[in-house]
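Since the structure comes first, as structure tokens, the remarks are kept for the end.
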Amino acid sequence: MKIVVGLGNPGRQYEQTRHNVGWMVLDRLAERAGLTGHAKSRDAAATMRGRYKGLDLVLIKPMTYMNESGLAVRKALARERTPLEDLLVVYDDFDLPLGKLRIRGEGSAGTHNGMRSIVGELETQKFARLRVGIGEPATHAINHVLSRFTADERKVLDEVLDAAADAVEEWAAEGVNRAANRWNSWTPDALAGQPAGDGELPADTAAATTTTEKGAIVRHATGWRKLLGRG
């Protein structure tokens, strides 16, 4: 059994926003597997389950709002008696340009509140995750992640969602290393020929600052980090 969790927020006001790209990837998988419309509400999540390409999949959308996503993930793992190596979390990342994917077997939660909640509930960082680039914020990080994609971005987004769904399938069938080797260097056809960024700044680049509702976030060479002592 493979559990795939897509992070997002419930409610019409959050539909199709950047912060809900994890849900969009799960919707694409559900379409392929014929599971659309078959979600059941269990343990603070909308859950879809079925067999697809020889794989037993459980697709989970936490309905707790982003900051408490870990509650639904912990309950799902306990209910299904699934080990951590069979868990993949899909979520948005503004450290990555739109059109970039990063799949890894473990790592920190960074500044993503949904991932922080999951790490806190599971008390470990050792589970696979697929980060989907949503582009970096120009000013306010909160406004950016809760905004919808522009018309030009939507031309790229459909291809990105297909690729992310393919990456999930490859993770489930072949493991995290095979999926990472293939998809971490992938670029959408719509962006072919454009400079390929990885969402990180060179070491000698001065830090940039943006502001959230809770305080300031500073972008260093290794990514965005929240300043301590700002709420």
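Ordered as shown in the structure tokens, chains take letters A, B, and onward, while each chain numbers its residues from 1 and ligands are numbered from 1 in the order shown.
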If you run DSSP over the backbone, which residues in chain A end up strand (DSSP E or B)? Put them as a short mmCIF file (atom, residue, chain, number, x, y, z; two decimals) with C-alpha atoms, in the first residue's frame.
data_model
loop_
_atom_site.label_atom_id
_atom_site.label_comp_id
_atom_site.auth_asym_id
_atom_site.auth_seq_id
_atom_site.Cartn_x
_atom_site.Cartn_y
_atom_site.Cartn_z
CA LYS A 2 1.33 3.41 -1.00
CA ILE A 3 -0.02 6.54 0.67
CA VAL A 4 0.21 9.80 -1.29
CA VAL A 5 -0.68 12.97 0.62
CA GLY A 6 -1.35 16.22 -1.20
CA THR A 17 -4.32 28.66 -5.52
CA LYS A 40 -14.62 9.44 1.56
CA SER A 41 -14.26 11.55 4.68
CA ARG A 42 -12.15 9.74 7.28
CA ALA A 45 -9.12 13.88 5.46
CA ALA A 46 -10.75 13.23 2.10
CA THR A 47 -9.50 9.78 1.12
CA MET A 48 -9.56 8.03 -2.24
CA ARG A 49 -8.30 4.48 -2.60
CA GLY A 50 -7.99 2.02 -5.44
CA ARG A 51 -5.72 -0.13 -7.56
CA TYR A 52 -3.96 1.50 -10.51
CA LEU A 55 -0.38 -0.45 -7.38
CA ASP A 56 -2.58 -0.17 -4.30
CA LEU A 57 -2.89 3.56 -3.73
CA VAL A 58 -4.44 5.70 -1.02
CA LEU A 59 -4.72 9.38 -1.99
CA ILE A 60 -5.22 11.71 0.95
CA LYS A 61 -6.16 15.37 1.15
CA PRO A 62 -5.98 16.63 4.75
CA LEU A 87 4.50 7.57 2.32
CA LEU A 88 4.93 10.44 -0.16
CA VAL A 89 3.89 14.05 0.56
CA VAL A 90 3.28 16.41 -2.39
CA TYR A 91 3.35 20.14 -1.73
CA ASP A 92 4.09 23.58 -3.13
CA ASP A 93 7.48 25.29 -2.83
CA LEU A 101 10.10 19.33 -9.42
CA ARG A 102 12.19 17.98 -6.55
CA ILE A 103 11.65 14.52 -5.11
CA ARG A 104 13.70 13.37 -2.13
CA ALA A 128 9.61 10.99 0.83
CA ARG A 129 8.38 14.29 -0.47
CA LEU A 130 7.71 15.83 -3.89
CA ARG A 131 8.08 19.60 -4.03
CA VAL A 132 6.33 21.37 -6.91
CA GLY A 133 7.67 24.80 -7.82
CA HIS A 140 4.51 39.18 0.32
CA ARG A 148 -3.95 31.91 -8.32
CA ALA A 208 16.38 39.54 -0.17
CA THR A 209 13.56 40.10 2.28
CA THR A 210 9.81 39.58 2.02
CA THR A 211 7.10 39.84 4.66
CA ALA A 216 9.84 38.69 7.90
CA ILE A 217 11.30 35.98 5.70
CA VAL A 218 14.82 36.47 4.40
CA ARG A 219 16.09 34.73 1.29
CA HIS A 220 19.66 33.47 1.65
CA GLY A 223 16.52 29.49 0.47
CA TRP A 224 13.89 31.45 2.41
CA ARG A 225 14.17 31.50 6.17
CA LYS A 226 11.90 33.16 8.72
#
Original post:
Rounded to one decimal in Å, what is the spacing between atom CA of A:Asn67 and atom CA of A:Val25?
Top reply: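 Computing the Euclidean distance for atom CA of A:Asn67 and atom CA of A:Val25 yields 19.5 Å.
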Original post:
With only C-alpha atoms as the atoms that count, which of A:Arg74, A:Arg79, A:Arg12, A:Arg18 lies nearest to A:Val145?
Top reply: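 Selected residue with least distance to A:Val145: A:Arg18.
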**OP:** Can you pull out every residue within 8 Å of A:Ser117, counting only C-alpha atoms, but drop anything in the same chain fewer than 6 positions away, and send it as a ChimeraX atom specification?
**Re:** /A:67-71
Subject >> helix (DSSP H, G or I) positions in chain A, given as a PyMOL selection string >> reply: chain A and resi 12-14+18-33+66-80+84-86+113-122+141-145+151-174+176-183+189-191
Take the selection from the previous step and output its residues with C-alpha atoms, as a PDB file, in the first residue's frame.
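Generated output (again-v5.pdb):
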ATOM      1  CA  ARG A  12     -13.719  27.580  -2.332  1.00  0.00           C
ATOM      2  CA  GLN A  13     -11.536  30.601  -1.587  1.00  0.00           C
ATOM      3  CA  TYR A  14      -8.452  28.379  -1.783  1.00  0.00           C
ATOM      4  CA  ARG A  18      -0.582  28.008  -5.520  1.00  0.00           C
ATOM      5  CA  HIS A  19      -0.711  26.654  -1.968  1.00  0.00           C
ATOM      6  CA  ASN A  20      -3.119  23.940  -3.179  1.00  0.00           C
ATOM      7  CA  VAL A  21      -0.903  22.548  -5.919  1.00  0.00           C
ATOM      8  CA  GLY A  22      -0.498  19.348  -3.886  1.00  0.00           C
ATOM      9  CA  TRP A  23      -4.256  18.815  -4.167  1.00  0.00           C
ATOM     10  CA  MET A  24      -4.078  19.505  -7.904  1.00  0.00           C
ATOM     11  CA  VAL A  25      -1.515  16.730  -8.347  1.00  0.00           C
ATOM     12  CA  LEU A  26      -3.745  14.313  -6.411  1.00  0.00           C
ATOM     13  CA  ASP A  27      -6.705  15.315  -8.581  1.00  0.00           C
ATOM     14  CA  ARG A  28      -4.659  14.471 -11.679  1.00  0.00           C
ATOM     15  CA  LEU A  29      -3.781  11.069 -10.221  1.00  0.00           C
ATOM     16  CA  ALA A  30      -7.411  10.452  -9.266  1.00  0.00           C
ATOM     17  CA  GLU A  31      -8.506  11.215 -12.835  1.00  0.00           C
ATOM     18  CA  ARG A  32      -6.038   8.684 -14.210  1.00  0.00           C
ATOM     19  CA  ALA A  33      -7.037   6.016 -11.705  1.00  0.00           C
ATOM     20  CA  MET A  66      -2.476  23.520   6.178  1.00  0.00           C
ATOM     21  CA  ASN A  67      -1.111  24.202   9.659  1.00  0.00           C
ATOM     22  CA  GLU A  68      -2.522  20.954  11.088  1.00  0.00           C
ATOM     23  CA  SER A  69      -1.922  18.625   8.137  1.00  0.00           C
ATOM     24  CA  GLY A  70       0.122  16.284  10.310  1.00  0.00           C
ATOM     25  CA  LEU A  71      -2.951  15.151  12.247  1.00  0.00           C
ATOM     26  CA  ALA A  72      -4.527  13.597   9.159  1.00  0.00           C
ATOM     27  CA  VAL A  73      -1.244  12.063   8.008  1.00  0.00           C
ATOM     28  CA  ARG A  74      -0.527  10.431  11.358  1.00  0.00           C
ATOM     29  CA  LYS A  75      -4.048   8.989  11.528  1.00  0.00           C
ATOM     30  CA  ALA A  76      -3.849   7.653   7.969  1.00  0.00           C
ATOM     31  CA  LEU A  77      -0.554   5.881   8.599  1.00  0.00           C
ATOM     32  CA  ALA A  78      -1.946   4.309  11.767  1.00  0.00           C
ATOM     33  CA  ARG A  79      -5.201   3.261  10.118  1.00  0.00           C
ATOM     34  CA  GLU A  80      -3.518   1.691   7.094  1.00  0.00           C
ATOM     35  CA  LEU A  84       7.067   5.563   6.481  1.00  0.00           C
ATOM     36  CA  GLU A  85       8.888   4.279   3.398  1.00  0.00           C
ATOM     37  CA  ASP A  86       5.483   3.935   1.691  1.00  0.00           C
ATOM     38  CA  ASN A 113       3.735  25.045   7.638  1.00  0.00           C
ATOM     39  CA  GLY A 114       2.063  21.894   6.356  1.00  0.00           C
ATOM     40  CA  MET A 115       5.348  20.019   6.303  1.00  0.00           C
ATOM     41  CA  ARG A 116       6.258  21.405   9.727  1.00  0.00           C
ATOM     42  CA  SER A 117       3.028  19.961  11.074  1.00  0.00           C
ATOM     43  CA  ILE A 118       3.710  16.541   9.519  1.00  0.00           C
ATOM     44  CA  VAL A 119       7.289  16.406  10.805  1.00  0.00           C
ATOM     45  CA  GLY A 120       6.042  17.413  14.243  1.00  0.00           C
ATOM     46  CA  GLU A 121       3.324  14.751  14.355  1.00  0.00           C
ATOM     47  CA  LEU A 122       5.508  11.960  12.948  1.00  0.00           C
ATOM     48  CA  ALA A 141       4.965  35.420   0.693  1.00  0.00           C
ATOM     49  CA  ILE A 142       1.490  34.812   2.131  1.00  0.00           C
ATOM     50  CA  ASN A 143      -0.204  36.741  -0.660  1.00  0.00           C
ATOM     51  CA  HIS A 144       1.844  34.838  -3.215  1.00  0.00           C
ATOM     52  CA  VAL A 145       1.051  31.310  -2.051  1.00  0.00           C
ATOM     53  CA  ALA A 151      -2.884  33.003 -17.535  1.00  0.00           C
ATOM     54  CA  ASP A 152       0.678  32.507 -18.800  1.00  0.00           C
ATOM     55  CA  GLU A 153       1.532  30.252 -15.855  1.00  0.00           C
ATOM     56  CA  ARG A 154      -1.536  28.108 -16.453  1.00  0.00           C
ATOM     57  CA  LYS A 155      -0.152  27.261 -19.901  1.00  0.00           C
ATOM     58  CA  VAL A 156       2.784  25.615 -18.117  1.00  0.00           C
ATOM     59  CA  LEU A 157       0.861  24.303 -15.120  1.00  0.00           C
ATOM     60  CA  ASP A 158      -1.035  21.564 -16.947  1.00  0.00           C
ATOM     61  CA  GLU A 159       2.220  20.016 -18.142  1.00  0.00           C
ATOM     62  CA  VAL A 160       3.713  20.342 -14.654  1.00  0.00           C
ATOM     63  CA  LEU A 161       0.766  18.547 -13.053  1.00  0.00           C
ATOM     64  CA  ASP A 162       1.091  15.694 -15.542  1.00  0.00           C
ATOM     65  CA  ALA A 163       4.812  15.417 -14.832  1.00  0.00           C
ATOM     66  CA  ALA A 164       4.251  15.502 -11.068  1.00  0.00           C
ATOM     67  CA  ALA A 165       1.656  12.735 -11.385  1.00  0.00           C
ATOM     68  CA  ASP A 166       4.144  10.719 -13.457  1.00  0.00           C
ATOM     69  CA  ALA A 167       6.764  11.271 -10.752  1.00  0.00           C
ATOM     70  CA  VAL A 168       4.378   9.960  -8.094  1.00  0.00           C
ATOM     71  CA  GLU A 169       3.675   6.875 -10.187  1.00  0.00           C
ATOM     72  CA  GLU A 170       7.381   6.245 -10.655  1.00  0.00           C
ATOM     73  CA  TRP A 171       8.023   6.663  -6.927  1.00  0.00           C
ATOM     74  CA  ALA A 172       5.291   4.138  -6.146  1.00  0.00           C
ATOM     75  CA  ALA A 173       6.535   1.601  -8.698  1.00  0.00           C
ATOM     76  CA  GLU A 174      10.321   2.092  -8.703  1.00  0.00           C
ATOM     77  CA  VAL A 176      12.397   7.401  -4.593  1.00  0.00           C
ATOM     78  CA  ASN A 177      15.884   7.211  -6.137  1.00  0.00           C
ATOM     79  CA  ARG A 178      14.664   6.216  -9.588  1.00  0.00           C
ATOM     80  CA  ALA A 179      11.979   8.894  -9.487  1.00  0.00           C
ATOM     81  CA  ALA A 180      14.472  11.546  -8.366  1.00  0.00           C
ATOM     82  CA  ASN A 181      16.993  10.630 -11.068  1.00  0.00           C
ATOM     83  CA  ARG A 182      14.397  11.121 -13.751  1.00  0.00           C
ATOM     84  CA  TRP A 183      12.312  14.050 -12.544  1.00  0.00           C
ATOM     85  CA  ASP A 189       8.454  21.780 -22.973  1.00  0.00           C
ATOM     86  CA  ALA A 190       6.791  25.183 -22.606  1.00  0.00           C
ATOM     87  CA  LEU A 191       9.931  26.474 -20.844  1.00  0.00           C
TER      88      LEU A 191
END
**OP:** Compare A:Thr82, A:Trp186, A:Thr124, A:His112 by their minimum atom-to-atom distance to A:Leu98, counting only C-alpha atoms, and give me the closest one.
**Re:**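 Closest to A:Leu98, using only C-alpha atoms: A:Trp186.
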**OP:** Select, from A:Gly105, A:Glu15, A:Pro10, A:Phe94, the residue with the minimum atom-to-atom distance to A:Met63, counting only C-alpha atoms.
**Re:**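 Of A:Gly105, A:Glu15, A:Pro10, A:Phe94, the one nearest A:Met63 is A:Pro10, counting only C-alpha atoms.
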